[in-house]
$ cat structure_16.txt   # compact mmCIF, C-alpha atoms
# COMPACT_ATOMS: atom_id res chain seq x y z
CA MET A 1 27.53 -42.32 23.71
CA THR A 2 24.09 -40.87 22.96
CA ALA A 3 23.99 -37.70 20.88
CA THR A 4 22.11 -34.82 22.48
CA GLU A 5 20.01 -32.22 20.69
CA SER A 6 22.88 -29.75 20.93
CA ASP A 7 25.15 -32.22 19.12
CA ALA A 8 22.91 -32.33 16.06
CA VAL A 9 24.25 -30.61 12.97
CA ARG A 10 22.11 -27.67 11.90
CA LYS A 11 21.16 -28.10 8.27
CA ILE A 12 20.41 -25.22 5.93
CA GLU A 13 16.88 -25.33 4.59
CA ALA A 14 15.79 -23.49 1.46
CA GLU A 15 12.62 -24.08 -0.50
CA ALA A 16 12.52 -23.52 -4.24
CA ILE A 17 12.06 -19.85 -5.09
CA SER A 18 8.51 -19.05 -6.11
CA SER A 19 7.90 -17.76 -9.62
CA ARG A 20 5.28 -15.39 -8.18
CA PHE A 21 6.29 -11.72 -7.93
CA ALA A 22 5.28 -9.35 -5.15
CA ARG A 23 2.02 -7.43 -5.27
CA GLY A 24 2.57 -3.69 -4.98
CA TRP A 25 4.01 -0.52 -6.46
CA HIS A 26 7.50 -0.87 -7.92
CA CYS A 27 9.69 2.09 -8.87
CA LEU A 28 11.16 2.01 -12.39
CA GLY A 29 13.35 5.08 -11.82
CA LEU A 30 13.27 8.79 -12.56
CA ALA A 31 10.07 9.66 -14.44
CA GLU A 32 11.93 12.09 -16.71
CA THR A 33 13.95 9.18 -18.14
CA PHE A 34 10.86 7.90 -19.93
CA LYS A 35 9.66 11.25 -21.35
CA ASP A 36 12.00 11.52 -24.34
CA GLY A 37 9.41 10.44 -26.92
CA LYS A 38 11.01 7.02 -27.35
CA PRO A 39 9.98 3.53 -26.24
CA HIS A 40 11.99 1.99 -23.41
CA THR A 41 12.54 -1.67 -22.59
CA VAL A 42 12.09 -2.76 -18.97
CA ASN A 43 12.65 -6.40 -18.07
CA ALA A 44 10.55 -6.99 -14.97
CA PHE A 45 8.31 -9.60 -13.35
CA GLY A 46 9.72 -12.33 -15.56
CA GLN A 47 8.83 -10.65 -18.85
CA LYS A 48 9.59 -7.75 -21.17
CA LEU A 49 7.67 -4.49 -20.80
CA VAL A 50 7.66 -1.36 -22.95
CA VAL A 51 7.44 2.09 -21.38
CA PHE A 52 6.54 5.18 -23.42
CA THR A 53 5.13 8.66 -22.94
CA GLY A 54 2.59 10.00 -25.43
CA GLU A 55 1.99 13.54 -26.61
CA ASP A 56 -0.52 13.95 -23.77
CA GLY A 57 2.37 13.60 -21.29
CA LYS A 58 1.11 10.37 -19.77
CA THR A 59 3.64 7.58 -19.31
CA ASN A 60 2.34 4.11 -20.10
CA VAL A 61 3.54 0.56 -19.51
CA LEU A 62 2.44 -2.31 -21.78
CA ASP A 63 3.54 -5.89 -22.35
CA GLY A 64 6.57 -5.70 -24.60
CA TYR A 65 5.39 -7.82 -27.53
CA CYS A 66 2.72 -6.95 -30.08
CA ARG A 67 -0.29 -9.28 -29.95
CA HIS A 68 -0.52 -9.26 -33.76
CA MET A 69 2.63 -11.14 -34.82
CA GLY A 70 4.91 -10.73 -31.80
CA GLY A 71 6.89 -7.66 -32.81
CA ASP A 72 9.04 -6.05 -30.11
CA LEU A 73 7.25 -2.81 -29.26
CA SER A 74 10.37 -1.32 -27.70
CA ASP A 75 11.80 -1.26 -31.24
CA GLY A 76 8.76 0.69 -32.39
CA THR A 77 7.93 4.38 -32.58
CA VAL A 78 5.81 6.65 -30.41
CA LYS A 79 3.15 8.18 -32.65
CA GLY A 80 0.84 10.61 -30.91
CA ASN A 81 -0.38 8.82 -27.80
CA GLU A 82 0.28 5.31 -29.13
CA ILE A 83 3.25 3.00 -29.55
CA ALA A 84 3.53 1.74 -33.14
CA CYS A 85 4.82 -1.79 -33.67
CA PRO A 86 7.90 -1.88 -35.97
CA PHE A 87 6.59 -5.02 -37.70
CA HIS A 88 3.22 -3.90 -39.18
CA ASP A 89 2.59 -0.46 -37.58
CA TRP A 90 -0.25 -1.56 -35.32
CA ARG A 91 -0.86 1.32 -32.90
CA TRP A 92 -1.32 0.48 -29.21
CA GLY A 93 -2.70 2.94 -26.67
CA GLY A 94 -1.77 3.25 -23.03
CA ASP A 95 -4.99 1.43 -22.07
CA GLY A 96 -3.77 -1.66 -23.92
CA ARG A 97 -6.23 -1.38 -26.81
CA CYS A 98 -5.19 -1.28 -30.45
CA LYS A 99 -6.28 2.14 -31.69
CA LYS A 100 -5.43 1.88 -35.38
CA ILE A 101 -4.12 -0.42 -38.10
CA PRO A 102 -3.18 1.86 -41.02
CA TYR A 103 -3.68 -0.77 -43.72
CA ALA A 104 -6.90 -2.27 -42.28
CA ARG A 105 -10.52 -1.18 -42.55
CA ARG A 106 -11.21 -2.01 -38.91
CA VAL A 107 -9.47 -3.07 -35.72
CA PRO A 108 -10.32 -6.59 -34.44
CA LEU A 109 -12.55 -6.46 -31.35
CA ARG A 110 -10.10 -8.58 -29.35
CA ALA A 111 -7.07 -6.47 -30.22
CA ARG A 112 -5.96 -5.83 -26.68
CA THR A 113 -2.73 -6.28 -24.73
CA ALA A 114 -1.91 -5.98 -21.05
CA ALA A 115 -1.65 -2.43 -19.69
CA TRP A 116 0.07 -1.99 -16.34
CA PRO A 117 -1.19 0.69 -13.91
CA THR A 118 1.32 3.50 -13.45
CA MET A 119 1.82 6.35 -11.02
CA GLU A 120 4.16 9.34 -10.98
CA LYS A 121 5.13 10.62 -7.56
CA ASN A 122 8.18 12.37 -6.13
CA GLN A 123 9.46 12.73 -9.75
CA LEU A 124 9.59 8.93 -9.95
CA LEU A 125 7.68 6.43 -12.10
CA PHE A 126 5.95 3.47 -10.45
CA VAL A 127 4.28 0.42 -11.96
CA TRP A 128 1.73 -1.76 -10.17
CA ASN A 129 2.13 -5.54 -10.19
CA ASP A 130 -0.62 -7.87 -9.00
CA PRO A 131 -0.61 -11.61 -9.79
CA GLU A 132 -4.40 -11.56 -9.33
CA GLY A 133 -4.76 -8.89 -12.00
CA LYS A 134 -6.51 -6.40 -9.73
CA GLN A 135 -6.14 -2.63 -9.83
CA PRO A 136 -4.26 -0.90 -6.97
CA PRO A 137 -6.52 -0.06 -3.99
CA ASP A 138 -6.87 3.65 -3.23
CA ASP A 139 -5.32 3.21 0.22
CA VAL A 140 -2.18 1.51 -1.12
CA THR A 141 0.20 4.17 -2.37
CA ILE A 142 3.62 5.75 -1.96
CA PRO A 143 3.95 8.71 0.45
CA LEU A 144 4.78 12.17 -0.78
CA ILE A 145 8.40 13.18 -0.16
CA GLU A 146 8.24 16.94 0.34
CA GLY A 147 11.89 17.50 -0.46
CA ALA A 148 11.44 15.91 -3.89
CA THR A 149 9.31 18.85 -5.06
CA ARG A 150 10.82 21.75 -3.12
CA ASP A 151 13.40 24.27 -4.32
CA ASP A 152 15.38 24.12 -1.08
CA TRP A 153 16.44 20.52 -1.79
CA THR A 154 18.81 19.15 -4.42
CA ASP A 155 17.74 17.16 -7.45
CA TRP A 156 17.78 13.38 -7.20
CA ARG A 157 21.12 11.66 -7.56
CA TRP A 158 20.06 8.28 -8.95
CA THR A 159 21.90 5.00 -9.52
CA GLU A 160 20.81 1.65 -10.97
CA GLN A 161 22.40 -1.79 -11.12
CA VAL A 162 21.38 -5.40 -11.73
CA VAL A 163 21.88 -7.86 -8.86
CA HIS A 164 21.85 -11.57 -9.62
CA THR A 165 20.01 -13.00 -6.64
CA ASN A 166 16.48 -13.12 -5.25
CA CYS A 167 15.25 -9.78 -3.90
CA ARG A 168 14.45 -11.23 -0.45
CA GLU A 169 18.14 -10.83 0.36
CA ILE A 170 17.89 -7.03 0.36
CA ILE A 171 14.71 -7.08 2.48
CA ASP A 172 16.51 -8.98 5.27
CA ASN A 173 18.68 -5.89 5.81
CA VAL A 174 15.71 -4.19 7.49
CA VAL A 175 16.37 -6.14 10.70
CA ASP A 176 20.08 -6.94 10.34
CA MET A 177 21.83 -4.52 12.69
CA ALA A 178 25.18 -6.33 12.94
CA HIS A 179 25.95 -6.27 9.23
CA PHE A 180 26.06 -2.46 9.30
CA PHE A 181 29.19 -2.67 11.46
CA TYR A 182 30.94 -5.53 9.67
CA ILE A 183 30.01 -4.74 6.07
CA HIS A 184 29.36 -0.99 5.93
CA ASN A 185 31.77 0.27 8.62
CA SER A 186 28.92 1.89 10.54
CA PHE A 187 28.46 1.84 14.32
CA PRO A 188 24.82 1.33 15.39
CA THR A 189 24.08 2.30 18.99
CA PHE A 190 20.26 2.09 18.81
CA PHE A 191 18.18 -0.25 16.64
CA LYS A 192 14.42 -0.80 16.55
CA ASN A 193 11.93 -2.29 14.12
CA ILE A 194 8.21 -1.60 13.73
CA PHE A 195 6.03 -3.59 11.32
CA GLU A 196 2.41 -2.61 10.75
CA GLY A 197 0.14 -3.10 7.77
CA GLN A 198 2.17 -2.68 4.58
CA VAL A 199 4.96 -0.68 6.24
CA ALA A 200 8.17 -2.07 7.76
CA THR A 201 10.31 0.50 9.60
CA GLN A 202 13.87 0.44 10.85
CA ILE A 203 15.01 3.12 13.31
CA MET A 204 18.75 3.29 13.75
CA LYS A 205 21.08 5.70 15.50
CA GLY A 206 24.83 5.48 15.27
CA LYS A 207 28.14 7.17 15.88
CA SER A 208 31.15 7.69 13.66
CA ARG A 209 33.98 5.16 13.39
CA PRO A 210 37.40 6.80 13.43
CA ASP A 211 38.99 3.46 12.51
CA ALA A 212 36.98 3.14 9.31
CA ARG A 213 37.42 6.52 7.62
CA ARG A 214 39.41 9.69 7.99
CA GLU A 215 37.58 12.34 10.01
CA ALA A 216 36.50 15.44 8.12
CA SER A 217 38.15 17.55 10.80
CA GLY A 218 41.49 16.26 9.60
CA ARG A 219 40.86 18.20 6.37
CA GLY A 220 39.71 21.35 8.11
CA GLY A 221 35.97 20.60 8.00
CA PRO A 222 33.49 19.86 10.78
CA ARG A 223 33.69 16.49 12.48
CA MET A 224 30.89 14.02 11.85
CA LEU A 225 29.47 12.82 15.16
CA GLY A 226 26.95 10.23 14.01
CA ASN A 227 23.66 9.74 12.20
CA THR A 228 19.96 9.03 12.69
CA SER A 229 18.03 6.94 10.19
CA VAL A 230 14.28 6.30 10.01
CA ALA A 231 13.84 3.95 7.05
CA SER A 232 10.48 2.51 6.01
CA TYR A 233 9.53 0.07 3.27
CA HIS A 234 6.16 1.11 1.85
CA GLY A 235 5.10 -2.15 0.29
CA PRO A 236 7.53 -4.84 -0.87
CA SER A 237 10.13 -2.82 -2.72
CA PHE A 238 10.26 0.93 -2.02
CA MET A 239 12.10 2.25 1.03
CA ILE A 240 12.21 5.90 2.11
CA ASP A 241 15.01 6.69 4.56
CA GLU A 242 14.91 10.02 6.39
CA LEU A 243 18.64 10.17 7.01
CA THR A 244 20.24 12.85 9.17
CA TYR A 245 24.01 13.21 9.57
CA HIS A 246 25.07 14.98 12.76
CA TYR A 247 28.11 17.25 12.46
CA GLU A 248 29.69 19.58 14.98
CA GLY A 249 27.49 22.66 14.82
CA TYR A 250 24.79 21.48 12.43
CA ASP A 251 22.72 18.60 11.03
CA LEU A 252 22.68 17.54 7.38
CA HIS A 253 19.17 16.43 6.34
CA SER A 254 18.75 14.03 3.44
CA VAL A 255 16.28 11.53 2.04
CA LEU A 256 17.62 8.25 0.71
CA ILE A 257 15.63 5.95 -1.56
CA ASN A 258 16.45 2.25 -1.65
CA CYS A 259 14.18 0.45 -4.10
CA HIS A 260 14.09 -2.41 -6.57
CA TYR A 261 11.94 -4.38 -8.97
CA PRO A 262 12.35 -8.09 -9.78
CA ILE A 263 13.65 -9.01 -13.23
CA ASP A 264 13.05 -12.70 -12.60
CA GLU A 265 13.27 -15.10 -9.65
CA ASN A 266 17.06 -14.82 -9.51
CA SER A 267 17.78 -11.18 -10.33
CA PHE A 268 16.50 -7.70 -9.60
CA SER A 269 17.18 -4.12 -10.61
CA LEU A 270 18.48 -2.22 -7.57
CA HIS A 271 18.06 1.56 -7.48
CA SER A 272 19.18 4.25 -5.06
CA GLY A 273 18.43 7.94 -4.96
CA ILE A 274 19.33 10.76 -2.58
CA ILE A 275 18.38 14.39 -2.11
CA VAL A 276 19.94 16.84 0.37
CA GLN A 277 18.35 19.90 1.96
CA HIS A 278 19.95 23.32 1.54
CA SER A 279 20.79 25.25 4.71
CA ASP A 280 22.99 28.06 6.01
CA LYS A 281 25.78 25.49 6.32
CA LEU A 282 24.91 23.92 2.96
CA PRO A 283 24.11 26.55 0.31
CA PRO A 284 22.82 25.14 -3.00
CA GLU A 285 26.18 24.51 -4.68
CA VAL A 286 27.61 22.83 -1.57
CA ALA A 287 24.44 20.77 -1.11
CA GLU A 288 24.64 19.54 -4.71
CA ALA A 289 28.27 18.50 -4.24
CA THR A 290 27.35 16.79 -0.97
CA ALA A 291 24.51 14.88 -2.63
CA GLU A 292 26.91 13.68 -5.31
CA LYS A 293 29.39 12.54 -2.69
CA LEU A 294 26.71 10.76 -0.65
CA SER A 295 25.39 9.03 -3.77
CA THR A 296 28.85 7.59 -4.42
CA PHE A 297 29.11 6.55 -0.77
CA ILE A 298 25.72 4.81 -0.86
CA LEU A 299 26.59 3.01 -4.10
CA THR A 300 29.73 1.71 -2.40
CA GLY A 301 27.53 0.39 0.40
CA PHE A 302 25.34 -1.47 -2.09
CA GLU A 303 28.42 -2.96 -3.73
CA GLN A 304 29.49 -4.26 -0.32
CA ASP A 305 26.10 -5.95 0.06
CA VAL A 306 26.19 -7.37 -3.45
CA ALA A 307 29.59 -8.95 -2.82
CA ILE A 308 28.02 -10.89 0.07
CA TRP A 309 24.83 -11.81 -1.80
CA LYS A 310 26.79 -13.20 -4.75
CA ARG A 311 28.37 -15.92 -2.60
CA LYS A 312 25.97 -16.54 0.29
CA ALA A 313 23.46 -19.38 0.45
CA ARG A 314 19.73 -18.74 0.47
CA ILE A 315 18.56 -19.85 3.92
CA ASP A 316 14.98 -20.21 5.14
CA ASN A 317 15.92 -21.30 8.68
CA PRO A 318 18.66 -18.89 9.83
CA LEU A 319 20.20 -19.73 13.22
CA LEU A 320 19.90 -16.55 15.28
CA CYS A 321 21.21 -15.04 18.51
CA GLU A 322 19.40 -12.45 20.66
CA GLU A 323 21.05 -9.50 18.94
CA ASP A 324 20.14 -10.57 15.40
CA GLY A 325 16.72 -8.93 15.30
CA PRO A 326 13.28 -10.22 14.22
CA VAL A 327 14.23 -11.95 10.97
CA TYR A 328 11.34 -14.41 11.02
CA GLN A 329 8.79 -11.71 11.89
CA LEU A 330 10.05 -9.57 9.01
CA ARG A 331 9.70 -12.46 6.59
CA ARG A 332 6.13 -13.06 7.76
CA TRP A 333 5.41 -9.37 7.08
CA TYR A 334 7.01 -9.70 3.62
CA GLN A 335 4.98 -12.81 2.78
CA GLN A 336 1.75 -10.77 2.59
CA PHE A 337 2.85 -9.49 -0.82
CA TYR A 338 3.25 -13.02 -2.23
CA VAL A 339 -0.19 -14.44 -1.40
CA ASP A 340 -3.66 -13.55 -2.64
CA VAL A 341 -5.26 -10.68 -0.77
CA ALA A 342 -7.83 -13.09 0.67
CA ASP A 343 -4.99 -15.16 2.17
CA VAL A 344 -3.25 -12.33 4.03
CA GLN A 345 -3.18 -13.32 7.71
CA PRO A 346 -3.27 -10.98 10.75
CA GLU A 347 0.22 -12.14 11.78
CA MET A 348 1.53 -10.61 8.56
CA THR A 349 0.04 -7.16 9.16
CA ASP A 350 -0.56 -6.74 12.92
CA ARG A 351 1.66 -4.16 14.62
CA PHE A 352 4.94 -5.63 15.86
CA GLU A 353 7.77 -3.78 17.64
CA PHE A 354 11.21 -5.01 18.62
CA GLU A 355 14.18 -3.08 20.02
CA ILE A 356 17.57 -4.75 20.16
CA ASP A 357 19.52 -4.45 23.40
CA THR A 358 22.72 -2.90 22.04
CA THR A 359 24.70 -3.15 25.29
CA ARG A 360 26.79 -6.14 24.27
CA PRO A 361 27.31 -5.14 20.60
CA VAL A 362 28.43 -1.61 21.53
CA GLU A 363 30.83 -2.95 24.14
CA SER A 364 32.33 -5.40 21.65
CA TRP A 365 32.53 -2.91 18.79
CA GLU A 366 34.14 -0.18 20.90
CA LYS A 367 36.85 -2.65 21.83
CA GLU A 368 37.38 -3.57 18.18
CA VAL A 369 37.60 0.09 17.14
CA GLU A 370 40.18 0.76 19.85
CA GLU A 371 42.24 -2.23 18.71
CA ASN A 372 42.09 -1.09 15.08
CA LEU A 373 43.24 2.43 16.01
CA ALA A 374 46.07 1.04 18.13
CA ARG A 375 47.18 -1.18 15.26
CA ARG A 376 47.07 1.75 12.84
CA ALA A 377 49.13 3.89 15.22
CA ALA A 378 51.71 1.12 15.60
CA GLU A 379 51.97 0.64 11.84
CA GLY A 380 52.39 4.40 11.40
CA ALA A 381 55.15 4.52 13.98
CA SER A 382 57.04 1.62 12.38
CA ALA A 383 56.74 3.21 8.94
$ encode --input "structure_16.txt" --output "structure tokens"
Amino acid sequence: MTATESDAVRKIEAEAISSRFARGWHCLGLAETFKDGKPHTVNAFGQKLVVFTGEDGKTNVLDGYCRHMGGDLSDGTVKGNEIACPFHDWRWGGDGRCKKIPYARRVPLRARTAAWPTMEKNQLLFVWNDPEGKQPPDDVTIPLIEGATRDDWTDWRWTEQVVHTNCREIIDNVVDMAHFFYIHNSFPTFFKNIFEGQVATQIMKGKSRPDARREASGRGGPRMLGNTSVASYHGPSFMIDELTYHYEGYDLHSVLINCHYPIDENSFSLHSGIIVQHSDKLPPEVAEATAEKLSTFILTGFEQDVAIWKRKARIDNPLLCEEDGPVYQLRRWYQQFYVDVADVQPEMTDRFEFEIDTTRPVESWEKEVEENLARRAAEGASA
């Protein structure tokens, strides 16, 4: 009997992970964290960095080790606008130049270390990484989030955790509609992707799942009807999600940040932040409590993802069905950040749109929800 093409076993393909890290702005966290007058260690891009804020209020990022004798600058002291090495007190400025050696008559001409471009925006600190060593272009930036600087929004609720896998795994979520139902207990009813230039957007609408969580109305509060999410990666690692929860009688407006920076090829620092807008239905104290609750909810969602990532295989040739979304197109978009600027191809940046036909998924998921509710009712009756 002759084997047909459909009889062939599909093999998982996975090339070795590149040691090159993505070009672009990477968020290190809340800017205020680094303004305490102390040096901070950040392990990123396969090396140690030191972050410090001088008396002039500017936050700087340098390579973590002193070019004199290798002292760890994060063990040093901020003196004026410089970081002083704990080994011999060499003073390094935010521009990477040694400004002073207290016991020496002059500073060597070549006394210079790597200084990383930084940017503060939306109360967050960003660092620029470029394997080619170029400065960030003026047209490559992070958008302003109005709610991050307005009094009618809450402060950021921020979380951080280390994930031991390659950061491409989190990027795949941009197109993965089905995992929201099976992993996060959501119920997508509309799902569309738009890739253009350095921005990858996911538009998702959904409804509540009574089988997955107790309805707020059961506790005397308004019933949650569903949500609308417009989430865009601006560059390789910083996603802004304009997330609206629809309740009976009002909408809850929030902005969710999902961002990361690579520690090395096999781990990354995953951050999340959320702010919530005040309203007649959500006065300041209620909005703050809601933001705290949503932050915990989002962290739970990340933990659900991490549990999958810990045990899944890296796969370069995923076997897809029609409802799986444009995985390969997303990865082509993502590849632009891992090649030299001169090697960026039009297929990586040209506008691409894809809307998933949700007819079959919604039909299947509604049936599953009904079965889960029936099973819960039966278990309650027997108890």
$ residues_around --input "structure_16.txt" --residues "A:Leu320" --least-positions-apart "6" --cutoff "12 Å" --atoms "all atoms listed in the file" --output "ChimeraX atom specification"
/A:10,175-176,178,326-328
$ write_last_selection --input "structure_16.txt" --atoms "C-alpha atoms" --output "short mmCIF file (atom, residue, chain, number, x, y, z; two decimals), in the frame of the given file"
data_model
loop_
_atom_site.label_atom_id
_atom_site.label_comp_id
_atom_site.auth_asym_id
_atom_site.auth_seq_id
_atom_site.Cartn_x
_atom_site.Cartn_y
_atom_site.Cartn_z
CA ARG A 10 22.11 -27.67 11.90
CA VAL A 175 16.37 -6.14 10.70
CA ASP A 176 20.08 -6.94 10.34
CA ALA A 178 25.18 -6.33 12.94
CA PRO A 326 13.28 -10.22 14.22
CA VAL A 327 14.23 -11.95 10.97
CA TYR A 328 11.34 -14.41 11.02
#
$ residues_around --input "structure_16.txt" --residues "stretch 132-136 of chain A" --least-positions-apart "3" --cutoff "8 Å" --atoms "all atoms listed in the file" --output "ChimeraX atom specification"
/A:24,117,128-129,140,340
$ residues_around --input "structure_16.txt" --residues "stretch 261-275 of chain A" --least-positions-apart "4" --cutoff "8 Å" --atoms "all atoms listed in the file" --output "ChimeraX atom specification"
/A:17-19,21,26-29,43-47,147-148,153-167,237,254-257,291,294-295,298-299
$ closest_residue --input "structure_16.txt" --among "A:Pro39, A:Ala115, A:Glu248, A:Pro188" --to "A:Lys79" --atoms "all atoms listed in the file"
A:Pro39
$ residues_around --input "structure_16.txt" --residues "A:Met239" --least-positions-apart "2" --cutoff "8 Å" --atoms "all atoms listed in the file" --output "ChimeraX atom specification"
/A:231-234,237,241,257-259
$ closest_atom_pairs --input "structure_16.txt" --of "stretch 193-239 of chain A" --to "stretch 344-364 of chain A" --cutoff "7 Å" --atoms "all atoms listed in the file" --output "JSON lines"
{"residue": "A:Asn193", "atom": "CA", "partner": "A:Phe354", "partner_atom": "CA", "distance": 5.3}
{"residue": "A:Ile194", "atom": "CA", "partner": "A:Glu353", "partner_atom": "CA", "distance": 4.5}
{"residue": "A:Phe195", "atom": "CA", "partner": "A:Phe352", "partner_atom": "CA", "distance": 5.1}
{"residue": "A:Glu196", "atom": "CA", "partner": "A:Arg351", "partner_atom": "CA", "distance": 4.2}
{"residue": "A:Gly197", "atom": "CA", "partner": "A:Thr349", "partner_atom": "CA", "distance": 4.3}
{"residue": "A:Gln198", "atom": "CA", "partner": "A:Thr349", "partner_atom": "CA", "distance": 6.8}
$ write_last_selection --input "structure_16.txt" --atoms "C-alpha atoms" --output "tab-separated table (two decimals), keeping the file's coordinate frame"
chain	number	residue	atom	x	y	z
A	193	ASN	CA	11.93	-2.29	14.12
A	194	ILE	CA	8.21	-1.60	13.73
A	195	PHE	CA	6.03	-3.59	11.32
A	196	GLU	CA	2.41	-2.61	10.75
A	197	GLY	CA	0.14	-3.10	7.77
A	198	GLN	CA	2.17	-2.68	4.58
$ atom_distance --input "structure_16.txt" --atom1 "atom CA of A:Trp116" --atom2 "atom CA of A:Asp89"
21.4 Å
$ atom_distance --input "structure_16.txt" --atom1 "atom CA of A:Lys48" --atom2 "atom CA of A:Lys100"
22.8 Å
$ atom_distance --input "structure_16.txt" --atom1 "atom CA of A:Pro222" --atom2 "atom CA of A:Thr189"
21.5 Å
$ residues_around --input "structure_16.txt" --residues "stretch 54-64 of chain A" --least-positions-apart "3" --cutoff "8 Å" --atoms "all atoms listed in the file" --output "ChimeraX atom specification"
/A:34-35,37,41,47-51,72-74,78-82,94,96,113-118,127
$ residues_near_point --input "structure_16.txt" --point "(21.4, -2.6, 10.6)" --cutoff "10 Å" --atoms "all atoms listed in the file" --output "list in words"
Asp172, Asn173, Val174, Val175, Asp176, Met177, Ala178, His179, Phe180, Phe181, Ile183, His184, Ser186, Phe187, Pro188, Phe190, Phe191, Lys192, Gln202, Ile203, Met204, Lys205, Gly206, Asp324 and Gly325 of chain A
$ closest_residue --input "structure_16.txt" --among "A:Phe238, A:Gly380, A:Lys11, A:Arg97" --to "A:Val199" --atoms "all atoms listed in the file"
A:Phe238
$ closest_residue --input "structure_16.txt" --among "A:His253, A:Arg314, A:His260, A:Arg67" --to "A:Lys281" --atoms "only C-alpha atoms"
A:His253
$ closest_residue --input "structure_16.txt" --among "A:Pro143, A:Gly93, A:Pro210, A:Gly70" --to "A:Asn372" --atoms "only C-alpha atoms"
A:Pro210
$ closest_residue --input "structure_16.txt" --among "A:Thr244, A:Ile315, A:Thr228, A:Asp139" --to "A:Ala16" --atoms "all atoms listed in the file"
A:Ile315
$ closest_residue --input "structure_16.txt" --among "A:Asp130, A:Asp316, A:Lys38, A:Arg209" --to "A:Lys367" --atoms "only C-alpha atoms"
A:Arg209
